[in-house]
file my_file.csv (CSV, C-alpha atoms (C1' of nucleotides) and all ligand atoms)
chain,number,residue,atom,x,y,z
A,273,MET,CA,-16.2,-6.0,24.4
A,274,PRO,CA,-16.8,-6.3,20.7
A,275,VAL,CA,-14.0,-7.0,18.3
A,276,LYS,CA,-12.9,-4.1,16.2
A,277,ASN,CA,-12.3,-6.0,12.9
A,278,PRO,CA,-15.7,-7.4,11.6
A,279,GLY,CA,-14.3,-9.7,8.9
A,280,LEU,CA,-13.0,-7.4,6.3
A,281,LYS,CA,-9.4,-5.9,6.2
A,282,SER,CA,-6.7,-8.3,7.4
A,283,ALA,CA,-4.6,-7.8,10.5
A,284,ALA,CA,-1.2,-7.7,8.9
A,285,SER,CA,0.0,-5.1,6.4
A,286,SER,CA,0.6,-6.0,2.8
A,287,THR,CA,4.3,-5.8,3.5
A,288,VAL,CA,4.2,-8.1,6.4
A,289,GLU,CA,2.1,-10.6,4.4
A,290,ASP,CA,4.7,-10.5,1.6
A,291,TYR,CA,7.5,-11.2,4.1
A,292,LEU,CA,5.7,-14.1,5.7
A,293,GLU,CA,4.7,-15.5,2.3
A,294,ARG,CA,8.3,-15.5,1.1
A,295,ILE,CA,9.7,-16.9,4.3
A,296,LEU,CA,7.3,-19.9,4.2
A,297,GLU,CA,8.1,-20.4,0.6
A,298,LEU,CA,11.8,-20.5,1.3
A,299,ILE,CA,11.3,-22.8,4.3
A,300,ASN,CA,9.3,-25.2,2.1
A,301,SER,CA,11.7,-25.2,-0.8
A,302,LYS,CA,15.1,-25.3,1.0
A,303,GLY,CA,14.3,-26.0,4.6
A,304,TYR,CA,15.3,-22.6,6.0
A,305,ALA,CA,15.0,-18.9,5.4
A,306,ARG,CA,18.1,-16.8,5.8
A,307,VAL,CA,18.1,-13.0,5.7
A,308,VAL,CA,20.1,-13.0,2.5
A,309,ASP,CA,17.6,-15.2,0.8
A,310,ILE,CA,14.6,-13.3,1.9
A,311,ALA,CA,16.3,-10.1,0.7
A,312,ALA,CA,17.0,-11.6,-2.7
A,313,ALA,CA,13.5,-13.0,-3.0
A,314,LEU,CA,11.9,-9.7,-2.2
A,315,GLU,CA,14.5,-7.6,-4.0
A,316,ILE,CA,15.3,-5.4,-1.0
A,317,SER,CA,18.4,-4.9,1.1
A,318,GLN,CA,19.5,-7.2,3.8
A,319,ALA,CA,19.3,-4.4,6.3
A,320,SER,CA,15.6,-4.0,5.6
A,321,VAL,CA,15.1,-7.7,6.1
A,322,THR,CA,16.9,-7.7,9.4
A,323,ASN,CA,14.8,-4.9,10.6
A,324,MET,CA,11.5,-6.5,9.7
A,325,VAL,CA,12.6,-9.9,11.0
A,326,GLN,CA,13.2,-8.3,14.4
A,327,ARG,CA,9.8,-6.7,14.3
A,328,LEU,CA,8.1,-9.9,13.3
A,329,ASP,CA,9.9,-11.5,16.3
A,330,ALA,CA,8.6,-8.8,18.6
A,331,GLU,CA,5.1,-9.5,17.2
A,332,ARG,CA,5.5,-13.2,17.8
A,333,LEU,CA,5.0,-14.1,14.2
A,334,LEU,CA,8.4,-15.8,14.2
A,335,LYS,CA,11.2,-16.6,16.6
A,336,TYR,CA,14.6,-15.2,15.7
A,337,GLU,CA,18.1,-15.7,17.1
A,338,LYS,CA,20.5,-13.0,16.0
A,339,TYR,CA,23.1,-14.2,13.5
A,340,ARG,CA,21.5,-17.6,13.6
A,341,GLY,CA,18.1,-18.2,12.0
A,342,LEU,CA,14.4,-18.0,12.4
A,343,VAL,CA,11.3,-20.2,12.6
A,344,LEU,CA,7.7,-19.2,12.1
A,345,THR,CA,5.5,-19.4,15.1
A,346,GLU,CA,2.1,-21.1,15.0
A,347,ALA,CA,0.5,-17.6,14.4
A,348,GLY,CA,3.1,-16.7,11.7
A,349,GLU,CA,2.7,-19.9,9.8
A,350,LYS,CA,-1.0,-19.6,9.9
A,351,LEU,CA,-0.8,-16.1,8.4
A,352,ALA,CA,1.7,-17.3,5.9
A,353,ARG,CA,-0.4,-20.2,4.7
A,354,ARG,CA,-3.4,-17.9,4.5
A,355,ILE,CA,-1.7,-15.5,2.1
A,356,ALA,CA,-0.1,-18.3,0.1
A,357,HIS,CA,-3.5,-19.8,-0.4
A,358,ARG,CA,-4.9,-16.5,-1.6
A,359,HIS,CA,-2.0,-16.2,-4.0
A,360,ARG,CA,-2.5,-19.7,-5.3
A,361,LEU,CA,-6.3,-19.4,-5.9
A,362,LEU,CA,-5.9,-16.0,-7.6
A,363,THR,CA,-3.1,-17.3,-9.8
A,364,GLU,CA,-5.2,-20.3,-10.9
A,365,PHE,CA,-8.2,-18.1,-11.6
A,366,LEU,CA,-6.2,-15.7,-13.8
A,367,LYS,CA,-4.5,-18.6,-15.5
A,368,LEU,CA,-7.9,-19.8,-16.7
A,369,LEU,CA,-8.5,-16.4,-18.2
A,370,GLY,CA,-5.6,-17.0,-20.5
A,371,LEU,CA,-3.4,-14.3,-19.1
A,372,ASP,CA,0.4,-14.2,-19.4
A,373,ASP,CA,2.4,-15.5,-16.5
A,374,ARG,CA,4.3,-12.2,-16.0
A,375,VAL,CA,1.1,-10.3,-15.8
A,376,ILE,CA,-0.4,-12.8,-13.5
A,377,CYS,CA,2.5,-12.7,-11.1
A,378,HIS,CA,2.5,-8.9,-11.0
A,379,ASP,CA,-1.3,-8.5,-10.5
A,380,VAL,CA,-1.6,-11.3,-8.0
A,381,GLU,CA,1.2,-10.0,-5.9
A,382,GLY,CA,-0.8,-6.8,-5.4
A,383,MET,CA,-4.4,-8.1,-5.4
A,384,GLU,CA,-3.8,-10.9,-2.9
A,385,HIS,CA,-3.7,-8.4,0.0
A,386,HIS,CA,-7.1,-7.0,-0.7
A,387,ILE,CA,-9.4,-10.0,-1.1
A,388,SER,CA,-11.7,-10.8,1.7
A,389,VAL,CA,-12.9,-14.3,2.6
A,390,PRO,CA,-16.3,-14.1,0.9
A,391,THR,CA,-14.7,-12.8,-2.3
A,392,LEU,CA,-12.0,-15.5,-2.3
A,393,ARG,CA,-14.7,-18.2,-1.9
A,394,ALA,CA,-16.7,-16.8,-4.8
A,395,ILE,CA,-13.6,-16.7,-7.0
A,396,GLU,CA,-12.8,-20.2,-6.0
A,397,ALA,CA,-16.3,-21.4,-7.0
A,398,LEU,CA,-16.0,-19.5,-10.3
A,399,THR,CA,-12.7,-21.1,-10.9
A,400,ARG,CA,-14.2,-24.6,-10.5
A,401,GLN,CA,-16.9,-23.8,-12.9
A,402,LEU,CA,-14.5,-22.3,-15.5
A,403,ARG,CA,-12.3,-25.4,-15.2
A,404,ARG,CA,-15.2,-27.7,-16.3
A,405,ARG,CA,-16.4,-25.5,-19.1
A,406,PRO,CA,-13.7,-25.3,-21.8
A,407,ALA,CA,-16.2,-23.9,-24.2
A,408,LEU,CA,-16.7,-20.9,-22.0
A,409,ARG,CA,-12.9,-20.4,-21.7
A,410,ALA,CA,-12.6,-20.6,-25.4
A,411,GLN,CA,-15.2,-17.8,-25.8
A,412,LEU,CA,-13.3,-15.7,-23.4
A,413,GLU,CA,-10.2,-15.8,-25.6
A,414,THR,CA,-12.1,-14.8,-28.7
A,415,ALA,CA,-14.0,-12.1,-26.8
A,416,LEU,CA,-10.6,-10.5,-26.0
A,417,VAL,CA,-10.7,-8.9,-29.6
B,77,MET,CA,15.7,5.6,-25.1
B,78,PRO,CA,13.4,2.8,-23.9
B,79,VAL,CA,10.6,3.6,-21.4
B,80,LYS,CA,11.1,2.3,-17.9
B,81,ASN,CA,7.5,1.1,-17.4
B,82,PRO,CA,6.7,-1.8,-19.8
B,83,GLY,CA,2.9,-1.9,-19.3
B,84,LEU,CA,2.5,-3.2,-15.8
B,85,LYS,CA,2.5,-1.1,-12.6
B,86,SER,CA,0.8,2.3,-12.9
B,87,ALA,CA,2.5,5.6,-12.6
B,88,ALA,CA,0.5,6.9,-9.7
B,89,SER,CA,0.4,5.5,-6.2
B,90,SER,CA,-2.7,3.9,-4.8
B,91,THR,CA,-3.2,6.9,-2.6
B,92,VAL,CA,-3.0,9.4,-5.5
B,93,GLU,CA,-5.4,7.2,-7.5
B,94,ASP,CA,-7.9,7.3,-4.7
B,95,TYR,CA,-7.7,11.0,-4.4
B,96,LEU,CA,-8.2,11.6,-8.1
B,97,GLU,CA,-11.1,9.1,-8.2
B,98,ARG,CA,-12.9,10.9,-5.4
B,99,ILE,CA,-12.3,14.3,-6.8
B,100,LEU,CA,-13.7,13.3,-10.2
B,101,GLU,CA,-16.7,11.7,-8.4
B,102,LEU,CA,-17.4,14.9,-6.5
B,103,ILE,CA,-17.1,17.1,-9.5
B,104,ASN,CA,-19.5,14.8,-11.4
B,105,SER,CA,-22.0,14.7,-8.6
B,106,LYS,CA,-22.0,18.3,-7.3
B,107,GLY,CA,-20.0,20.3,-9.8
B,108,TYR,CA,-16.9,21.0,-7.7
B,109,ALA,CA,-14.6,19.3,-5.2
B,110,ARG,CA,-13.8,21.2,-2.0
B,111,VAL,CA,-11.1,20.2,0.4
B,112,VAL,CA,-13.7,19.6,3.1
B,113,ASP,CA,-15.7,17.3,0.8
B,114,ILE,CA,-12.6,15.3,-0.3
B,115,ALA,CA,-11.7,14.9,3.3
B,116,ALA,CA,-15.1,13.6,4.2
B,117,ALA,CA,-15.2,11.2,1.3
B,118,LEU,CA,-11.8,9.7,2.0
B,119,GLU,CA,-12.4,9.9,5.8
B,120,ILE,CA,-9.1,11.7,6.4
B,121,SER,CA,-8.3,15.1,7.9
B,122,GLN,CA,-8.6,18.3,5.9
B,123,ALA,CA,-5.0,19.1,6.5
B,124,SER,CA,-4.0,15.9,4.8
B,125,VAL,CA,-6.1,16.8,1.8
B,126,THR,CA,-4.6,20.3,1.5
B,127,ASN,CA,-1.2,18.7,1.5
B,128,MET,CA,-2.0,16.2,-1.2
B,129,VAL,CA,-3.9,18.8,-3.3
B,130,GLN,CA,-0.8,21.0,-3.3
B,131,ARG,CA,1.3,18.0,-4.4
B,132,LEU,CA,-1.1,17.1,-7.2
B,133,ASP,CA,-0.9,20.7,-8.3
B,134,ALA,CA,2.9,20.5,-8.4
B,135,GLU,CA,2.6,17.3,-10.4
B,136,ARG,CA,0.2,19.0,-12.9
B,137,LEU,CA,-2.6,16.6,-12.2
B,138,LEU,CA,-4.8,19.5,-11.2
B,139,LYS,CA,-4.8,23.2,-10.9
B,140,TYR,CA,-5.3,24.6,-7.5
B,141,GLU,CA,-5.9,28.2,-6.2
B,142,LYS,CA,-5.3,28.5,-2.5
B,143,TYR,CA,-8.5,29.0,-0.5
B,144,ARG,CA,-10.5,28.9,-3.7
B,145,GLY,CA,-10.8,25.7,-5.6
B,146,LEU,CA,-9.4,23.2,-8.0
B,147,VAL,CA,-9.9,21.7,-11.4
B,148,LEU,CA,-8.4,18.5,-12.9
B,149,THR,CA,-6.0,18.9,-15.7
B,150,GLU,CA,-6.3,16.9,-18.9
B,151,ALA,CA,-3.7,14.4,-17.4
B,152,GLY,CA,-5.5,14.3,-14.0
B,153,GLU,CA,-8.8,13.7,-15.5
B,154,LYS,CA,-7.5,11.0,-17.7
B,155,LEU,CA,-6.0,9.2,-14.7
B,156,ALA,CA,-9.2,9.7,-12.7
B,157,ARG,CA,-11.3,8.2,-15.4
B,158,ARG,CA,-9.0,5.3,-15.8
B,159,ILE,CA,-9.2,4.4,-12.1
B,160,ALA,CA,-13.0,5.0,-12.0
B,161,HIS,CA,-13.3,2.6,-14.9
B,162,ARG,CA,-11.4,-0.1,-13.2
B,163,HIS,CA,-13.6,0.5,-10.1
B,164,ARG,CA,-16.7,0.1,-12.1
B,165,LEU,CA,-15.7,-3.0,-14.0
B,166,LEU,CA,-14.5,-4.8,-10.9
B,167,THR,CA,-17.7,-3.9,-9.0
B,168,GLU,CA,-19.8,-5.2,-11.8
B,169,PHE,CA,-17.8,-8.4,-11.9
B,170,LEU,CA,-18.1,-9.1,-8.1
B,171,LYS,CA,-21.7,-8.2,-8.2
B,172,LEU,CA,-22.3,-11.0,-10.6
B,173,LEU,CA,-20.6,-13.4,-8.2
B,174,GLY,CA,-23.4,-12.6,-5.7
B,175,LEU,CA,-21.2,-10.8,-3.2
B,176,ASP,CA,-22.5,-8.4,-0.6
B,177,ASP,CA,-22.2,-4.7,-1.4
B,178,ARG,CA,-20.1,-3.9,1.6
B,179,VAL,CA,-17.7,-6.6,0.8
B,180,ILE,CA,-17.5,-5.5,-2.8
B,181,CYS,CA,-16.8,-1.9,-1.9
B,182,HIS,CA,-14.1,-2.9,0.5
B,183,ASP,CA,-12.3,-5.3,-1.8
B,184,VAL,CA,-12.6,-3.2,-5.0
B,185,GLU,CA,-11.2,-0.2,-3.3
B,186,GLY,CA,-8.0,-2.1,-2.7
B,187,MET,CA,-7.9,-4.4,-5.8
B,188,GLU,CA,-8.5,-1.6,-8.3
B,189,HIS,CA,-4.9,-0.4,-7.9
B,190,HIS,CA,-3.3,-3.6,-8.8
B,191,ILE,CA,-5.1,-4.6,-12.0
B,192,SER,CA,-3.1,-4.3,-15.2
B,193,VAL,CA,-4.7,-3.6,-18.6
B,194,PRO,CA,-4.7,-7.2,-19.8
B,195,THR,CA,-6.2,-8.5,-16.6
B,196,LEU,CA,-8.9,-5.9,-16.7
B,197,ARG,CA,-9.8,-6.8,-20.3
B,198,ALA,CA,-10.0,-10.5,-19.3
B,199,ILE,CA,-12.3,-9.7,-16.4
B,200,GLU,CA,-14.4,-7.5,-18.7
B,201,ALA,CA,-14.8,-10.4,-21.1
B,202,LEU,CA,-15.6,-12.8,-18.3
B,203,THR,CA,-18.2,-10.4,-17.0
B,204,ARG,CA,-19.9,-10.3,-20.4
B,205,GLN,CA,-20.1,-14.0,-20.5
B,206,LEU,CA,-21.4,-14.3,-16.9
B,207,ARG,CA,-24.1,-11.8,-17.7
B,208,ARG,CA,-25.6,-13.9,-20.5
B,209,ARG,CA,-25.4,-17.2,-18.5
B,210,PRO,CA,-27.8,-17.0,-15.6
B,211,ALA,CA,-27.5,-20.8,-15.2
B,212,LEU,CA,-23.8,-20.5,-14.5
B,213,ARG,CA,-24.4,-17.7,-12.0
B,214,ALA,CA,-27.0,-19.9,-10.3
B,215,GLN,CA,-24.5,-22.7,-10.0
B,216,LEU,CA,-22.0,-20.3,-8.4
B,217,GLU,CA,-24.4,-19.5,-5.6
B,218,THR,CA,-25.0,-23.1,-4.8
B,219,ALA,CA,-21.3,-23.9,-5.1
B,220,LEU,CA,-20.8,-21.5,-2.2
B,221,VAL,CA,-21.7,-24.3,0.2
C,273,DT,C1',-21.1,45.8,8.4
C,274,DA,C1',-19.3,43.4,12.2
C,275,DA,C1',-19.2,39.1,14.7
C,276,DA,C1',-19.4,34.3,14.4
C,277,DT,C1',-18.8,30.1,12.1
C,278,DA,C1',-16.9,27.2,8.5
C,279,DA,C1',-13.2,26.1,5.5
C,280,DA,C1',-8.5,26.0,4.5
C,281,DT,C1',-3.7,26.3,5.6
C,282,DT,C1',0.7,25.8,8.1
C,283,DA,C1',3.9,23.9,11.2
C,284,DG,C1',5.4,20.2,13.6
C,285,DT,C1',5.0,15.2,14.7
C,286,DC,C1',4.4,10.2,13.9
C,287,DT,C1',4.7,5.5,11.6
C,288,DT,C1',5.9,2.4,8.0
C,289,DA,C1',9.1,0.8,5.3
C,290,DA,C1',12.7,1.5,2.5
C,291,DC,C1',17.9,2.9,1.8
C,292,DT,C1',23.4,3.3,2.4
C,293,DA,C1',27.6,3.0,4.9
C,294,DA,C1',30.1,1.2,8.5
C,295,DC,C1',30.8,-2.4,11.6
C,296,DT,C1',30.4,-7.3,13.6
C,297,DT,C1',29.8,-12.2,13.5
C,298,DT,C1',30.2,-16.5,11.2
C,299,DG,C1',32.0,-20.1,8.4
C,300,DC,C1',35.3,-21.8,5.2
C,301,DA,C1',39.9,-22.4,3.1
C,302,DT,C1',44.3,-22.6,3.5
D,252,DA,C1',44.7,-21.7,13.8
D,253,DT,C1',44.1,-17.6,11.2
D,254,DG,C1',42.5,-14.8,7.9
D,255,DC,C1',39.1,-13.6,4.4
D,256,DA,C1',34.6,-13.5,2.3
D,257,DA,C1',29.8,-13.9,3.1
D,258,DA,C1',26.2,-12.9,6.0
D,259,DG,C1',24.1,-10.1,9.3
D,260,DT,C1',23.6,-6.0,12.1
D,261,DT,C1',23.4,-1.1,13.5
D,262,DA,C1',23.0,3.7,12.9
D,263,DG,C1',21.4,7.3,10.5
D,264,DT,C1',18.6,9.0,6.5
D,265,DT,C1',14.7,9.4,3.4
D,266,DA,C1',9.9,9.5,1.5
D,267,DA,C1',5.0,8.9,1.7
D,268,DG,C1',1.2,9.8,4.0
D,269,DA,C1',-1.2,10.3,7.8
D,270,DC,C1',-2.2,13.2,12.3
D,271,DT,C1',-3.2,17.5,15.8
D,272,DA,C1',-3.0,22.2,17.1
D,273,DA,C1',-2.7,26.7,15.9
D,274,DT,C1',-3.6,30.2,12.5
D,275,DT,C1',-5.6,32.4,8.6
D,276,DT,C1',-9.2,33.2,5.1
D,277,DA,C1',-13.9,33.1,3.5
D,278,DT,C1',-18.8,33.0,4.2
D,279,DT,C1',-23.0,33.6,6.9
D,280,DT,C1',-25.8,35.7,9.9
D,281,DA,C1',-27.5,39.0,13.0
E,1,MN,MN,2.0,-9.6,-2.4
E,2,MN,MN,2.0,-13.5,-3.1
E,3,MN,MN,-9.0,2.5,-4.0
E,4,MN,MN,-12.2,3.1,-6.2

call {"tool": "encode", "arguments": {"input": "my_file.csv", "output": "structure tokens"}}
result
Amino acid sequence: MPVKNPGLKSAASSTVEDYLERILELINSKGYARVVDIAAALEISQASVTNMVQRLDAERLLKYEKYRGLVLTEAGEKLARRIAHRHRLLTEFLKLLGLDDRVICHDVEGMEHHISVPTLRAIEALTRQLRRRPALRAQLETALV
Amino acid sequence: MPVKNPGLKSAASSTVEDYLERILELINSKGYARVVDIAAALEISQASVTNMVQRLDAERLLKYEKYRGLVLTEAGEKLARRIAHRHRLLTEFLKLLGLDDRVICHDVEGMEHHISVPTLRAIEALTRQLRRRPALRAQLETALV
DNA sequence: TAAATAAATTAGTCTTAACTAACTTTGCAT
DNA sequence: ATGCAAAGTTAGTTAAGACTAATTTATTTA
């Protein structure tokens, strides 16, 4: 039977993507991701994190041992890397437009969940071109009134 | 006292923005926006629309008379125009990147709710530059592998 | 004008994703 | 070894936003 999802719209909710992204980030930066750290990073309560971690375990995106810790599964890490990659590319792109870091962080955190593969590739290509054309970037700044 | 919202993050939810956007669109195209039309446009049930319309009335974004019809208030129309404008600019931008219409529609419908004013201005400036540099646009296409 | 159809509303339910408060487990210091 | 603080969990609540089914109002049509 044919697959329901023909390319667009990702499988995981924005919320799930944000959790996975932060978990991978924590694992990469300090070797592990504890509930308390995830809660701090996402600025939500520990109870909410416990809930979600149990759900992600049920969905096989990570393996979780109560009171102990968690590790991403193959599938979970793949999803996490995918969203982290979107985050990186979007951030680089907006940086080239001369935007403020706070603005970039805010907008990317929302936009990253709504960018399909073709759009991401196009933005990637545009970023490459922008990078090698300082003159164009300069004109952008002046065009901003 | 200082305002809570310092520029970023809009006042209305993505959902509210989508409703207002569609309502304005319907009013512009056929003169009025009925519950049944809004429901069809958003692909949700009429019951959901009735609920939201009553809420938007309570929030003074539109004036609603049961079983009759609705008109946007000043505030509602302003919000609607703002989101419609973001939608337009993003669409034009992605169009210049050579993306497929279906992809553009999908991505814009999500991204439009997460673009702050400075980012929108930057994308607007970039769009202007892209428009006058067909060579650059051509290179984008070939860069897409 | 009366019946039939279309549009709109209400009531009740569901899911997601957050919260607080209370409780349990773990790890560290004495 | 015990006791305390930090971390984690559970239970119960809330809000947004969707749904279906049943009902009511408005509009068409015969
Ligand atoms: Mn995000
Ligand atoms: Mn992110
Ligand atoms: Mn939208
Ligand atoms: Mn839109």

call {"tool": "atom_distance", "arguments": {"input": "my_file.csv", "atom1": "atom CA of A:Leu398", "atom2": "atom CA of B:Leu175"}}
result
12.4 Å

call {"tool": "closest_residue", "arguments": {"input": "my_file.csv", "among": "B:Thr195, B:Gln205, B:Ser121, B:Thr167", "to": "ligand MN 4 (chain E)", "atoms": "only C-alpha atoms and all ligand atoms"}}
result
B:Thr167

call {"tool": "residues_around", "arguments": {"input": "my_file.csv", "residues": "D:DA269", "least_positions_apart": "6", "cutoff": "10 Å", "atoms": "only C-alpha atoms (C1' of nucleotides)", "output": "list in words"}}
result
Ile120, Ser121, Ala123 and Ser124 of chain B; DC286 and DT287 of chain C

call {"tool": "interface_residues", "arguments": {"input": "my_file.csv", "of": "chain A", "to": "chain D", "cutoff": "8 Å", "atoms": "only C-alpha atoms (C1' of nucleotides)", "output": "ChimeraX atom specification"}}
result
/A:307-308,318-319,322,339

call {"tool": "closest_residue", "arguments": {"input": "my_file.csv", "among": "B:Leu118, B:Cys181, B:Val125, B:Ala88", "to": "chain C", "atoms": "only C-alpha atoms (C1' of nucleotides)"}}
result
B:Val125

call {"tool": "residues_near_ligand", "arguments": {"input": "my_file.csv", "ligand": "ligand MN 2 (chain E)", "cutoff": "8 Å", "atoms": "only C-alpha atoms (C1' of nucleotides) and all ligand atoms", "output": "NGL selection string"}}
result
:A and (290 or 293-294 or 355-356 or 358-360 or 380-382 or 384)

call {"tool": "closest_residue", "arguments": {"input": "my_file.csv", "among": "A:Glu315, A:Asp309, A:Glu396, A:Asp329", "to": "chain C", "atoms": "all atoms listed in the file"}}
result
A:Glu315

call {"tool": "build_atoms", "arguments": {"input": "my_file.csv", "residues": "stretch 403-417 of chain A", "atoms": "N, CA, C and O atoms", "output": "PDB file, in the coordinates of the input"}}
result
ATOM      1  N   ARG A 403     -13.185 -24.254 -14.909  1.00  0.00           N
ATOM      2  CA  ARG A 403     -12.300 -25.400 -15.200  1.00  0.00           C
ATOM      3  C   ARG A 403     -13.124 -26.488 -15.950  1.00  0.00           C
ATOM      4  O   ARG A 403     -12.581 -27.180 -16.814  1.00  0.00           O
ATOM      5  N   ARG A 404     -14.378 -26.644 -15.633  1.00  0.00           N
ATOM      6  CA  ARG A 404     -15.200 -27.700 -16.300  1.00  0.00           C
ATOM      7  C   ARG A 404     -15.942 -27.209 -17.480  1.00  0.00           C
ATOM      8  O   ARG A 404     -16.830 -27.874 -17.964  1.00  0.00           O
ATOM      9  N   ARG A 405     -15.650 -26.028 -17.935  1.00  0.00           N
ATOM     10  CA  ARG A 405     -16.400 -25.500 -19.100  1.00  0.00           C
ATOM     11  C   ARG A 405     -15.364 -24.915 -20.113  1.00  0.00           C
ATOM     12  O   ARG A 405     -15.232 -23.695 -20.260  1.00  0.00           O
ATOM     13  N   PRO A 406     -14.676 -25.797 -20.829  1.00  0.00           N
ATOM     14  CA  PRO A 406     -13.700 -25.300 -21.800  1.00  0.00           C
ATOM     15  C   PRO A 406     -14.284 -24.421 -22.854  1.00  0.00           C
ATOM     16  O   PRO A 406     -13.627 -23.504 -23.345  1.00  0.00           O
ATOM     17  N   ALA A 407     -15.544 -24.680 -23.171  1.00  0.00           N
ATOM     18  CA  ALA A 407     -16.200 -23.900 -24.200  1.00  0.00           C
ATOM     19  C   ALA A 407     -16.261 -22.413 -23.764  1.00  0.00           C
ATOM     20  O   ALA A 407     -15.979 -21.499 -24.541  1.00  0.00           O
ATOM     21  N   LEU A 408     -16.617 -22.240 -22.521  1.00  0.00           N
ATOM     22  CA  LEU A 408     -16.700 -20.900 -22.000  1.00  0.00           C
ATOM     23  C   LEU A 408     -15.311 -20.216 -22.026  1.00  0.00           C
ATOM     24  O   LEU A 408     -15.171 -19.057 -22.417  1.00  0.00           O
ATOM     25  N   ARG A 409     -14.308 -20.960 -21.640  1.00  0.00           N
ATOM     26  CA  ARG A 409     -12.900 -20.400 -21.700  1.00  0.00           C
ATOM     27  C   ARG A 409     -12.553 -20.010 -23.080  1.00  0.00           C
ATOM     28  O   ARG A 409     -11.941 -18.973 -23.317  1.00  0.00           O
ATOM     29  N   ALA A 410     -12.939 -20.848 -24.032  1.00  0.00           N
ATOM     30  CA  ALA A 410     -12.600 -20.600 -25.400  1.00  0.00           C
ATOM     31  C   ALA A 410     -13.268 -19.248 -25.854  1.00  0.00           C
ATOM     32  O   ALA A 410     -12.644 -18.403 -26.496  1.00  0.00           O
ATOM     33  N   GLN A 411     -14.515 -19.083 -25.438  1.00  0.00           N
ATOM     34  CA  GLN A 411     -15.200 -17.800 -25.800  1.00  0.00           C
ATOM     35  C   GLN A 411     -14.574 -16.625 -25.183  1.00  0.00           C
ATOM     36  O   GLN A 411     -14.623 -15.539 -25.735  1.00  0.00           O
ATOM     37  N   LEU A 412     -13.988 -16.809 -24.025  1.00  0.00           N
ATOM     38  CA  LEU A 412     -13.300 -15.700 -23.400  1.00  0.00           C
ATOM     39  C   LEU A 412     -12.147 -15.211 -24.271  1.00  0.00           C
ATOM     40  O   LEU A 412     -11.965 -14.021 -24.508  1.00  0.00           O
ATOM     41  N   GLU A 413     -11.405 -16.172 -24.765  1.00  0.00           N
ATOM     42  CA  GLU A 413     -10.200 -15.800 -25.600  1.00  0.00           C
ATOM     43  C   GLU A 413     -10.659 -15.008 -26.810  1.00  0.00           C
ATOM     44  O   GLU A 413     -10.064 -13.992 -27.138  1.00  0.00           O
ATOM     45  N   THR A 414     -11.684 -15.497 -27.492  1.00  0.00           N
ATOM     46  CA  THR A 414     -12.100 -14.800 -28.700  1.00  0.00           C
ATOM     47  C   THR A 414     -12.728 -13.444 -28.344  1.00  0.00           C
ATOM     48  O   THR A 414     -12.604 -12.494 -29.099  1.00  0.00           O
ATOM     49  N   ALA A 415     -13.331 -13.356 -27.177  1.00  0.00           N
ATOM     50  CA  ALA A 415     -14.000 -12.100 -26.800  1.00  0.00           C
ATOM     51  C   ALA A 415     -12.903 -11.020 -26.475  1.00  0.00           C
ATOM     52  O   ALA A 415     -13.229  -9.847 -26.372  1.00  0.00           O
ATOM     53  N   LEU A 416     -11.655 -11.461 -26.375  1.00  0.00           N
ATOM     54  CA  LEU A 416     -10.600 -10.500 -26.000  1.00  0.00           C
ATOM     55  C   LEU A 416     -10.132  -9.712 -27.264  1.00  0.00           C
ATOM     56  O   LEU A 416      -9.023  -9.198 -27.277  1.00  0.00           O
ATOM     57  N   VAL A 417     -10.945  -9.663 -28.322  1.00  0.00           N
ATOM     58  CA  VAL A 417     -10.700  -8.900 -29.600  1.00  0.00           C
ATOM     59  C   VAL A 417      -9.404  -9.463 -30.261  1.00  0.00           C
ATOM     60  O   VAL A 417      -8.850 -10.463 -29.905  1.00  0.00           O
TER      61      VAL A 417
END
